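Structure data follow from start_33.txt (compact mmCIF, C-alpha atoms and all ligand atoms):
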# COMPACT_ATOMS: atom_id res chain seq x y z
CA MET A 1 -45.85 -30.71 18.65
CA THR A 2 -42.76 -29.49 20.46
CA THR A 3 -39.55 -28.82 18.58
CA ARG A 4 -36.56 -30.47 20.06
CA VAL A 5 -33.40 -28.47 19.82
CA SER A 6 -30.45 -30.78 19.95
CA PRO A 7 -27.53 -29.56 22.05
CA VAL A 8 -24.69 -28.51 19.79
CA SER A 9 -21.12 -28.99 20.85
CA PRO A 10 -19.25 -25.72 20.78
CA TYR A 11 -16.46 -27.55 18.99
CA GLN A 12 -18.46 -28.45 15.90
CA PRO A 13 -16.93 -26.72 12.89
CA GLN A 14 -20.30 -25.32 11.88
CA ASN A 15 -20.50 -23.54 15.17
CA ARG A 16 -17.03 -22.11 14.91
CA VAL A 17 -17.80 -20.73 11.48
CA GLN A 18 -20.95 -19.14 12.82
CA ASP A 19 -19.09 -17.47 15.66
CA GLN A 20 -16.67 -15.89 13.25
CA THR A 21 -19.30 -14.52 10.91
CA SER A 22 -20.54 -11.87 13.32
CA TRP A 23 -18.14 -9.65 11.36
CA SER A 24 -18.06 -10.71 7.72
CA GLY A 25 -15.51 -8.26 6.40
CA LEU A 26 -15.91 -4.69 5.27
CA ILE A 27 -17.55 -5.42 1.92
CA GLU A 28 -20.51 -7.10 3.64
CA ALA A 29 -20.61 -4.46 6.37
CA TYR A 30 -20.68 -1.52 3.96
CA ARG A 31 -22.06 -3.11 0.77
CA PRO A 32 -24.58 -0.29 0.04
CA PHE A 33 -21.71 2.20 -0.01
CA LEU A 34 -19.45 0.18 -2.29
CA PRO A 35 -19.43 -0.52 -6.06
CA ILE A 36 -20.20 -4.21 -5.52
CA ASP A 37 -22.83 -6.28 -7.35
CA ALA A 38 -24.66 -9.32 -6.06
CA THR A 39 -22.50 -11.37 -8.44
CA THR A 40 -19.10 -9.93 -7.44
CA PRO A 41 -17.01 -12.70 -5.86
CA VAL A 42 -16.10 -11.33 -2.44
CA VAL A 43 -12.50 -12.09 -1.58
CA THR A 44 -12.11 -11.41 2.12
CA LEU A 45 -9.95 -12.21 5.13
CA LEU A 46 -12.53 -10.51 7.37
CA GLU A 47 -10.59 -7.24 7.32
CA GLY A 48 -11.81 -4.00 8.88
CA ASN A 49 -13.65 -3.42 12.17
CA THR A 50 -10.35 -2.36 13.75
CA PRO A 51 -10.31 -0.76 17.20
CA LEU A 52 -10.50 2.97 17.78
CA VAL A 53 -8.36 3.08 20.89
CA PRO A 54 -8.61 6.04 23.30
CA ALA A 55 -5.11 7.48 23.70
CA PHE A 56 -5.19 8.59 27.32
CA SER A 57 -1.58 9.66 27.58
CA LEU A 58 -1.71 11.75 24.40
CA SER A 59 -4.98 13.34 25.49
CA GLU A 60 -3.45 14.23 28.84
CA ARG A 61 -0.32 15.70 27.25
CA ILE A 62 -2.37 17.96 25.01
CA GLY A 63 -4.95 18.79 27.69
CA ARG A 64 -7.60 21.48 27.08
CA GLY A 65 -10.30 18.83 26.79
CA VAL A 66 -8.88 17.40 23.56
CA SER A 67 -9.76 13.70 23.18
CA VAL A 68 -7.29 11.70 21.12
CA TYR A 69 -7.99 8.28 19.62
CA VAL A 70 -5.84 6.05 17.46
CA LYS A 71 -7.39 4.04 14.64
CA TYR A 72 -5.31 0.90 14.97
CA ASP A 73 -5.42 -0.37 11.41
CA GLY A 74 -2.30 -2.45 12.00
CA LEU A 75 -4.73 -5.05 13.36
CA ASN A 76 -6.00 -5.93 9.89
CA PRO A 77 -5.31 -9.50 8.64
CA THR A 78 -1.95 -8.73 7.02
CA GLY A 79 -1.12 -6.03 9.56
CA SER A 80 -1.92 -2.86 7.64
CA PHE A 81 -4.73 -0.69 6.26
CA LYS A 82 -3.94 -1.98 2.77
CA ASP A 83 -6.29 -4.93 3.39
CA ARG A 84 -9.26 -2.55 3.23
CA GLY A 85 -8.35 -1.59 -0.30
CA MET A 86 -7.21 -5.03 -1.33
CA THR A 87 -10.45 -6.87 -0.48
CA MET A 88 -12.11 -4.54 -3.01
CA ALA A 89 -9.36 -4.45 -5.64
CA ILE A 90 -8.89 -8.23 -5.69
CA SER A 91 -12.64 -8.96 -5.64
CA LYS A 92 -13.10 -6.66 -8.64
CA ALA A 93 -10.04 -8.11 -10.40
CA LYS A 94 -11.45 -11.61 -9.96
CA GLU A 95 -14.84 -10.46 -11.15
CA ALA A 96 -13.19 -9.07 -14.30
CA GLY A 97 -11.49 -12.41 -14.95
CA ALA A 98 -7.92 -11.40 -14.04
CA LYS A 99 -5.40 -14.20 -13.61
CA ALA A 100 -2.55 -12.17 -12.12
CA VAL A 101 -2.03 -8.90 -10.24
CA ILE A 102 0.96 -6.61 -9.82
CA CYS A 103 1.92 -3.78 -7.50
CA ALA A 104 4.84 -1.56 -6.63
CA SER A 105 5.37 -1.38 -2.92
CA THR A 106 7.29 -0.13 0.05
CA GLY A 107 6.12 -3.36 1.66
CA ASN A 108 2.60 -3.29 3.02
CA THR A 109 0.85 -3.22 -0.33
CA SER A 110 2.93 -6.19 -1.45
CA ALA A 111 2.00 -8.21 1.64
CA SER A 112 -1.68 -7.42 1.30
CA ALA A 113 -1.88 -7.88 -2.47
CA SER A 114 -0.14 -11.23 -2.14
CA ALA A 115 -2.45 -12.52 0.57
CA TYR A 116 -5.67 -11.52 -1.17
CA ALA A 117 -4.42 -12.63 -4.59
CA VAL A 118 -3.60 -16.16 -3.47
CA ARG A 119 -6.90 -16.34 -1.63
CA ALA A 120 -8.61 -15.52 -4.91
CA GLY A 121 -6.46 -17.97 -6.88
CA LEU A 122 -4.60 -15.18 -8.70
CA LYS A 123 -0.86 -14.93 -9.20
CA PRO A 124 0.77 -12.02 -7.31
CA PHE A 125 3.77 -10.12 -8.68
CA VAL A 126 5.39 -7.41 -6.58
CA LEU A 127 8.07 -4.88 -7.43
CA ILE A 128 10.09 -3.47 -4.55
CA PRO A 129 12.99 -1.06 -4.01
CA ASP A 130 15.93 -3.31 -3.21
CA GLY A 131 17.10 -2.98 0.39
CA TYR A 132 14.33 -0.68 1.62
CA LEU A 133 11.65 -3.07 2.78
CA ALA A 134 11.00 -3.79 6.45
CA LEU A 135 11.76 -7.42 7.19
CA GLY A 136 8.26 -8.48 8.22
CA LYS A 137 6.74 -7.21 4.99
CA LEU A 138 9.24 -9.04 2.83
CA ALA A 139 8.70 -12.20 4.88
CA GLN A 140 4.96 -11.96 4.27
CA ALA A 141 5.17 -11.53 0.51
CA LEU A 142 7.58 -14.45 0.23
CA LEU A 143 5.55 -16.79 2.41
CA TYR A 144 2.30 -15.93 0.62
CA GLY A 145 4.11 -17.08 -2.51
CA ALA A 146 4.41 -13.85 -4.47
CA GLU A 147 6.91 -13.40 -7.26
CA VAL A 148 9.04 -10.72 -5.60
CA ILE A 149 11.20 -8.63 -7.91
CA ALA A 150 13.62 -6.15 -6.31
CA ILE A 151 14.95 -3.35 -8.48
CA ASP A 152 17.80 -0.95 -8.08
CA GLY A 153 15.52 2.06 -7.74
CA ASN A 154 13.04 3.64 -5.35
CA PHE A 155 9.26 3.23 -4.97
CA ASP A 156 8.55 5.89 -7.59
CA ASP A 157 10.63 3.93 -10.14
CA CYS A 158 8.76 0.74 -9.19
CA LEU A 159 5.39 2.41 -9.69
CA ASN A 160 6.32 3.71 -13.13
CA ILE A 161 7.39 0.24 -14.21
CA VAL A 162 4.31 -1.61 -12.93
CA LYS A 163 2.02 0.94 -14.60
CA GLY A 164 3.73 0.09 -17.91
CA ILE A 165 3.64 -3.66 -17.27
CA ALA A 166 -0.10 -3.55 -16.51
CA GLN A 167 -0.65 -1.75 -19.81
CA ASP A 168 1.40 -4.16 -21.88
CA TYR A 169 0.71 -7.50 -20.20
CA PRO A 170 -2.32 -9.40 -18.81
CA VAL A 171 -1.87 -8.36 -15.16
CA THR A 172 -4.11 -6.08 -13.11
CA LEU A 173 -2.52 -3.16 -11.27
CA VAL A 174 -3.55 -3.03 -7.60
CA ASN A 175 -1.72 0.09 -6.42
CA SER A 176 -3.87 2.94 -5.14
CA VAL A 177 -4.26 4.30 -8.68
CA ASN A 178 -6.74 1.41 -8.94
CA PRO A 179 -10.00 3.16 -7.95
CA TYR A 180 -11.34 0.14 -6.05
CA ARG A 181 -8.49 0.45 -3.57
CA LEU A 182 -9.71 3.82 -2.36
CA GLU A 183 -13.31 2.56 -2.27
CA GLY A 184 -12.28 -0.11 0.22
CA GLN A 185 -10.03 2.15 2.25
CA LYS A 186 -12.76 4.77 2.74
CA THR A 187 -14.54 2.32 5.08
CA ALA A 188 -12.10 3.24 7.85
CA ALA A 189 -13.79 6.66 7.94
CA PHE A 190 -17.19 4.93 8.19
CA GLU A 191 -15.96 2.89 11.15
CA ILE A 192 -14.69 5.99 12.95
CA VAL A 193 -18.03 7.76 12.54
CA ASP A 194 -19.96 4.62 13.51
CA ARG A 195 -17.91 4.49 16.71
CA LEU A 196 -17.78 8.19 17.64
CA GLY A 197 -21.27 9.08 16.47
CA ASP A 198 -19.78 11.86 14.34
CA ALA A 199 -16.60 12.66 12.44
CA PRO A 200 -13.63 13.85 14.53
CA ASP A 201 -12.53 17.49 14.33
CA TRP A 202 -9.08 16.51 13.08
CA LEU A 203 -7.88 13.44 11.27
CA CYS A 204 -4.08 13.02 11.44
CA ILE A 205 -2.66 10.62 8.90
CA PRO A 206 0.72 9.65 7.43
CA VAL A 207 1.06 10.39 3.73
CA GLY A 208 3.09 8.53 1.14
CA ASN A 209 1.30 8.04 -2.16
CA ALA A 210 -1.64 10.01 -0.69
CA GLY A 211 -4.16 7.29 -1.47
CA ASN A 212 -5.28 6.79 2.10
CA ILE A 213 -5.90 10.46 2.90
CA SER A 214 -7.98 10.67 -0.28
CA ALA A 215 -9.90 7.54 0.66
CA TYR A 216 -10.69 8.76 4.19
CA TRP A 217 -11.99 12.03 2.82
CA MET A 218 -14.22 10.15 0.35
CA GLY A 219 -15.58 8.13 3.26
CA PHE A 220 -16.31 11.11 5.49
CA CYS A 221 -17.98 12.99 2.63
CA GLN A 222 -20.10 10.02 1.63
CA TYR A 223 -21.27 9.49 5.21
CA HIS A 224 -21.94 13.22 5.51
CA GLN A 225 -24.12 13.10 2.40
CA HIS A 226 -26.09 10.27 4.01
CA ASN A 227 -26.48 12.31 7.21
CA LYS A 228 -24.44 9.85 9.20
CA CYS A 229 -22.23 12.65 10.53
CA GLU A 230 -22.76 16.35 11.12
CA LYS A 231 -19.23 17.59 10.71
CA LEU A 232 -16.31 16.91 8.42
CA PRO A 233 -12.77 16.72 9.79
CA ARG A 234 -9.79 18.86 8.92
CA MET A 235 -7.53 16.44 7.12
CA MET A 236 -4.00 16.79 8.52
CA GLY A 237 -1.48 14.88 6.40
CA PHE A 238 2.08 14.29 7.56
CA GLN A 239 5.09 13.41 5.43
CA ALA A 240 8.60 12.54 6.53
CA ALA A 241 10.81 15.63 6.28
CA GLU A 242 13.17 14.18 3.65
CA ALA A 243 10.32 12.58 1.72
CA ALA A 244 7.86 15.47 1.69
CA PRO A 245 7.08 16.34 -1.94
CA ILE A 246 3.56 17.62 -1.22
CA VAL A 247 4.79 19.87 1.58
CA GLN A 248 7.64 21.18 -0.57
CA GLY A 249 5.52 21.51 -3.67
CA HIS A 250 7.82 19.51 -5.94
CA PRO A 251 8.87 15.87 -6.42
CA VAL A 252 11.77 14.67 -4.29
CA LYS A 253 14.30 12.75 -6.37
CA SER A 254 15.91 10.73 -3.60
CA PRO A 255 13.47 10.51 -0.70
CA ASN A 256 14.92 9.30 2.56
CA THR A 257 13.40 8.40 5.92
CA VAL A 258 13.49 5.81 8.67
CA ALA A 259 9.76 5.39 7.91
CA THR A 260 10.41 3.28 4.79
CA ALA A 261 6.67 2.78 4.16
CA ILE A 262 6.35 6.46 3.20
CA ARG A 263 9.70 6.82 1.44
CA ILE A 264 8.01 8.26 -1.66
CA GLY A 265 9.10 11.25 -3.72
CA ASN A 266 6.35 11.59 -6.30
CA PRO A 267 2.93 10.54 -4.93
CA ALA A 268 0.51 9.00 -7.41
CA ASN A 269 -2.49 10.72 -5.80
CA TRP A 270 -0.89 14.15 -5.48
CA GLN A 271 -3.65 16.15 -7.19
CA ARG A 272 -6.34 14.31 -5.27
CA ALA A 273 -4.51 15.09 -2.04
CA LEU A 274 -4.40 18.81 -2.80
CA ALA A 275 -8.14 18.75 -3.46
CA VAL A 276 -8.68 17.08 -0.07
CA GLN A 277 -6.54 19.72 1.61
CA GLU A 278 -8.57 22.50 0.07
CA ALA A 279 -12.00 20.97 0.65
CA SER A 280 -11.28 20.07 4.29
CA GLN A 281 -9.26 23.20 5.10
CA GLY A 282 -6.55 20.77 6.04
CA GLU A 283 -2.79 20.95 5.91
CA PHE A 284 0.22 18.97 4.80
CA ASN A 285 3.19 19.24 7.10
CA ALA A 286 6.54 17.55 7.54
CA VAL A 287 7.83 15.70 10.59
CA SER A 288 11.48 14.80 11.06
CA ASP A 289 12.67 11.23 11.56
CA GLU A 290 13.51 12.17 15.14
CA GLU A 291 9.95 13.35 15.75
CA ILE A 292 8.60 10.19 14.12
CA LEU A 293 10.76 8.00 16.35
CA ASP A 294 9.79 9.95 19.49
CA ALA A 295 6.11 9.37 18.68
CA TYR A 296 6.82 5.70 17.84
CA ARG A 297 8.39 5.16 21.26
CA LEU A 298 5.75 7.21 23.08
CA LEU A 299 2.91 5.17 21.56
CA ALA A 300 4.58 1.96 22.69
CA ARG A 301 5.77 3.08 26.12
CA GLU A 302 2.81 5.18 27.22
CA GLU A 303 -0.18 3.83 25.28
CA GLY A 304 0.91 0.21 24.86
CA VAL A 305 0.35 0.49 21.12
CA PHE A 306 2.98 -0.91 18.75
CA CYS A 307 2.85 0.60 15.28
CA GLU A 308 5.43 0.85 12.54
CA PRO A 309 7.49 4.07 12.20
CA ALA A 310 5.50 5.46 9.23
CA SER A 311 2.28 5.19 11.24
CA ALA A 312 3.79 7.19 14.08
CA ALA A 313 4.11 10.16 11.70
CA SER A 314 0.43 10.90 12.40
CA VAL A 315 1.09 11.19 16.13
CA ALA A 316 4.36 13.06 15.59
CA GLY A 317 2.37 15.57 13.55
CA LEU A 318 -0.33 15.86 16.18
CA LEU A 319 2.24 16.60 18.88
CA LYS A 320 4.11 19.07 16.69
CA PHE A 321 1.02 21.06 15.71
CA GLN A 322 -1.03 20.59 18.87
CA ASP A 323 -1.21 24.33 19.52
CA GLN A 324 -3.44 24.64 16.47
CA ILE A 325 -6.08 22.26 17.88
CA PRO A 326 -9.07 24.04 19.38
CA SER A 327 -10.03 23.06 22.95
CA ASN A 328 -12.68 20.41 23.62
CA THR A 329 -12.31 18.70 20.27
CA THR A 330 -11.76 15.15 19.08
CA VAL A 331 -8.71 14.00 17.14
CA VAL A 332 -8.16 10.65 15.45
CA CYS A 333 -4.64 9.58 14.46
CA VAL A 334 -4.49 6.80 11.91
CA LEU A 335 -2.00 4.05 12.76
CA THR A 336 -1.65 2.44 9.37
CA GLY A 337 0.64 -0.52 10.08
CA ASN A 338 1.57 -2.96 12.83
CA GLY A 339 4.86 -2.54 14.69
CA LEU A 340 5.74 -6.18 14.10
CA LYS A 341 6.21 -5.38 10.43
CA ASP A 342 9.53 -3.74 11.21
CA PRO A 343 11.24 -5.47 14.15
CA GLN A 344 14.64 -4.03 13.24
CA SER A 345 13.45 -0.45 13.73
CA ALA A 346 12.02 -1.40 17.11
CA ILE A 347 15.28 -2.96 18.23
CA ASP A 348 17.39 -0.11 16.83
CA HIS A 349 15.31 2.66 18.38
CA ALA A 350 13.94 1.22 21.63
CA GLN A 351 15.13 2.91 24.81
CA SER A 352 15.33 -0.45 26.55
CA GLN A 353 18.07 -2.97 26.03
CA VAL A 354 18.43 -6.62 26.87
CA LYS A 355 20.46 -7.15 30.05
CA ALA A 356 22.55 -10.03 28.85
CA GLY A 357 25.17 -12.23 30.47
CA ILE A 358 23.31 -12.65 33.76
CA PRO A 359 24.19 -15.87 35.56
CA SER A 360 21.34 -18.34 35.96
CA SER A 361 20.52 -17.71 39.63
CA LEU A 362 17.67 -16.11 41.57
CA ASP A 363 19.99 -13.73 43.39
CA GLU A 364 21.70 -12.55 40.24
CA VAL A 365 18.37 -12.01 38.46
CA ALA A 366 17.02 -10.06 41.45
CA LYS A 367 20.17 -7.95 41.41
CA ALA A 368 19.77 -7.32 37.69
CA MET A 369 16.18 -6.23 38.45
CA GLY A 370 17.52 -3.60 40.83
CA PHE A 371 16.50 -5.29 44.10
N1 LIG B 401 1.55 4.02 6.39
C1 LIG B 401 1.98 2.81 6.01
C2 LIG B 401 2.31 1.83 7.06
C3 LIG B 401 2.11 2.51 4.63
O1 LIG B 401 2.53 1.31 4.27
C4 LIG B 401 1.80 3.50 3.68
C5 LIG B 401 1.94 3.24 2.25
C6 LIG B 401 1.35 4.74 4.15
C7 LIG B 401 1.24 4.97 5.51
C8 LIG B 401 0.98 5.85 3.23
O2 LIG B 401 -0.24 5.62 2.61
O3 LIG B 401 0.50 5.81 0.27
O4 LIG B 401 -1.91 5.88 0.87
O5 LIG B 401 -0.41 7.78 1.44
N2 LIG B 401 2.48 2.20 1.80
C9 LIG B 401 2.54 1.85 0.37
C10 LIG B 401 3.03 0.44 0.21
C11 LIG B 401 3.21 2.83 -0.47
O6 LIG B 401 3.58 0.10 -0.85
O7 LIG B 401 2.84 -0.37 1.11
P1 LIG B 401 -0.55 6.32 1.22
Just give me the structure of the file as structure tokens.
Amino acid sequence: MTTRVSPVSPYQPQNRVQDQTSWSGLIEAYRPFLPIDATTPVVTLLEGNTPLVPAFSLSERIGRGVSVYVKYDGLNPTGSFKDRGMTMAISKAKEAGAKAVICASTGNTSASASAYAVRAGLKPFVLIPDGYLALGKLAQALLYGAEVIAIDGNFDDCLNIVKGIAQDYPVTLVNSVNPYRLEGQKTAAFEIVDRLGDAPDWLCIPVGNAGNISAYWMGFCQYHQHNKCEKLPRMMGFQAAEAAPIVQGHPVKSPNTVATAIRIGNPANWQRALAVQEASQGEFNAVSDEEILDAYRLLAREEGVFCEPASAASVAGLLKFQDQIPSNTTVVCVLTGNGLKDPQSAIDHAQSQVKAGIPSSLDEVAKAMGF
């Protein structure tokens, strides 16, 4: 008997769903490496699997056979690396029977927590420093339906308050002090190794609360233990010069930087970060706002990659300390958030301007174009 296969229209919903499931999110992709049971409800927006983009212009600038890549984590579902941690933290919160979650945030965590919480049917609360959130991030949290509370204080004040709230009230804390966050975020290191075939020699990464640098190191070490990579990278963390408590060795009372995402004066994962520095023979260094903005513009104008200012700190650091990089090595810079998160910074710091007031005629437009 012959089996007849009926032709399936590509527009049938079933088919569409199938097409999308070739990547099922990072929990499914890396399940054996994650603290997930068969019964854990997986809350996912199909995060992860972000591109590792060769940065030709940066590689050429540095020369000496150094290959630079950017891990473009701004292409996650809510536009930042936080989704990696949030798929885990919210899945585990749901598994534990939570009804509500809370976070302090400079913006990206609040957007991500809100998206994953509503997807899981949980109520999101977010605490933010009034006036210091990039517009796109605030827009996201509001549209996802979070309860957004802005306080007259900075991120560090917000974090202290939400820690207390989570102790006293029935809400789960989903900042990076929640261990499941780092478990999810470590998968970015897996993806880099899966793509390169080994770990890079250097990993350059912006540092705020120092959760992500800790998570990456966990990921590289875990893969190393499973013989998936031969080397381990030097972990090079970069803080904004006026928000650089780890570099300075003491908390900064009033941190200040154009890179609002990393405007943090007392990182929650400080001790962990120092352990990473020591184990990887890495370094923490500061980059000025000017250096951050130069790298931000360079990424856009020469690589065609639009990230938010905080993300550009990794590239600013690479350029500043490039003389320390041995020849013929591989460097990955982590671009943590999408440029569209912060349109105001782009408009304020772009070198191009709109040529306005041009009459509506072909000749005038050609003239304005320089012909
Ligand atoms: N880059 C971006 C775009 C961020 O949003 C953050 C942190 C970092 C880098 C630093 O990562 O804290 O793990 O060292 N944003 C947090 C937030 C604080 O609330 O969105 P970290």
Identify the residues within 12 Å of coordinate (9.7, -9.9, 1.6) (same frame as the file), considering only C-alpha atoms, and give the answer as a PyMOL selection string.
-> chain A and resi 105-112+114+125-150+341-342
Please provide the set of residues having any atom within 7 Å of Asn209 (chain A), restricted to all atoms listed in the file, with same-chain residues fewer than 4 positions apart removed, written as a PyMOL selection string.
-> chain A and resi 264+267-269
Expected file contents, prior selection, C-alpha atoms, as a PDB file, in the coordinates of the input:
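Full text of out_22.pdb as output:
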ATOM      1  CA  ILE A 264       8.010   8.260  -1.660  1.00  0.00           C
ATOM      2  CA  PRO A 267       2.930  10.540  -4.930  1.00  0.00           C
ATOM      3  CA  ALA A 268       0.510   9.000  -7.410  1.00  0.00           C
ATOM      4  CA  ASN A 269      -2.490  10.720  -5.800  1.00  0.00           C
TER       5      ASN A 269
END
Would you mind telling me which residue in A:Asp83, A:Glu303, A:Asp201, A:Glu308 lies nearest to Tyr180 (chain A) when using all atoms listed in the file?
->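 Nearest candidate to Tyr180 (chain A) out of A:Asp83, A:Glu303, A:Asp201, A:Glu308: A:Asp83.
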With all atoms listed in the file as the atoms that count, which of A:Gly211, A:Gly370, A:Pro309, A:Gly197 lies nearest to ligand LIG 401 (chain B)?
->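 Answer, going by the shortest atom-to-atom distance: A:Gly211.
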Atom pair CA of Asp198 (chain A) / CA of Cys221 (chain A): separation (Å) =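 Result for CA of Asp198 (chain A) versus CA of Cys221 (chain A): 11.9 Å, one decimal.
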Just how far from CA of Tyr296 (chain A) is atom O5 of ligand LIG 401 (chain B), in Å to one decimal?
->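 Going from atom O5 of ligand LIG 401 (chain B) over to CA of Tyr296 (chain A), I get 18.0 Å.
Take the candidates A:Phe81, A:Phe190, A:Trp217, A:Phe321 and check each one against ligand LIG 401 (chain B) using all atoms listed in the file; the shortest distance goes to A:Phe81.
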Find the residues near Gly317 (chain A): any atom within 10 Å, counting all atoms listed in the file, skip ones fewer than 6 places away on the same chain, and give them as a PyMOL selection string.
-> chain A and resi 204-206+236-240+284-288+291-292+295+333
Could you please determine the separation between CA of Val305 (chain A) and CA of Leu335 (chain A) in Å, to one decimal place?
->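 According to the coordinates, CA of Val305 (chain A) and CA of Leu335 (chain A) are separated by 9.4 Å.
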Distance query Gly48 (chain A) at most 8 Å, all atoms listed in the file, self and fewer than 6 positions along chain excluded, as a PyMOL selection string | chain A and resi 25-26+73+76+83-84+187-188
Identify, on the basis of only C-alpha atoms, every residue whose closest approach to Pro41 (chain A) does not exceed 12 Å; exclude the query and any residue fewer than 6 positions from it along the same chain; express the result as a ChimeraX atom specification.
-> /A:27-28,87-97,119-121
Which residue gives the smallest distance to Pro179 (chain A) among A:Leu340, A:Ile62, A:Leu293, A:Ala215, with all atoms listed in the file counted?
-> A:Ala215
Among listed residues A:Thr172, A:Thr50, A:Asn154, A:Ser59, nearest Val252 (chain A) (using all atoms listed in the file) |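 Smallest separation from Val252 (chain A) among the options: A:Asn154.
Each of A:Gly339, A:Pro359, A:Gly265, A:Pro245 was compared to Tyr72 (chain A) using all atoms listed in the file, and A:Gly339 turns out to be the nearest.
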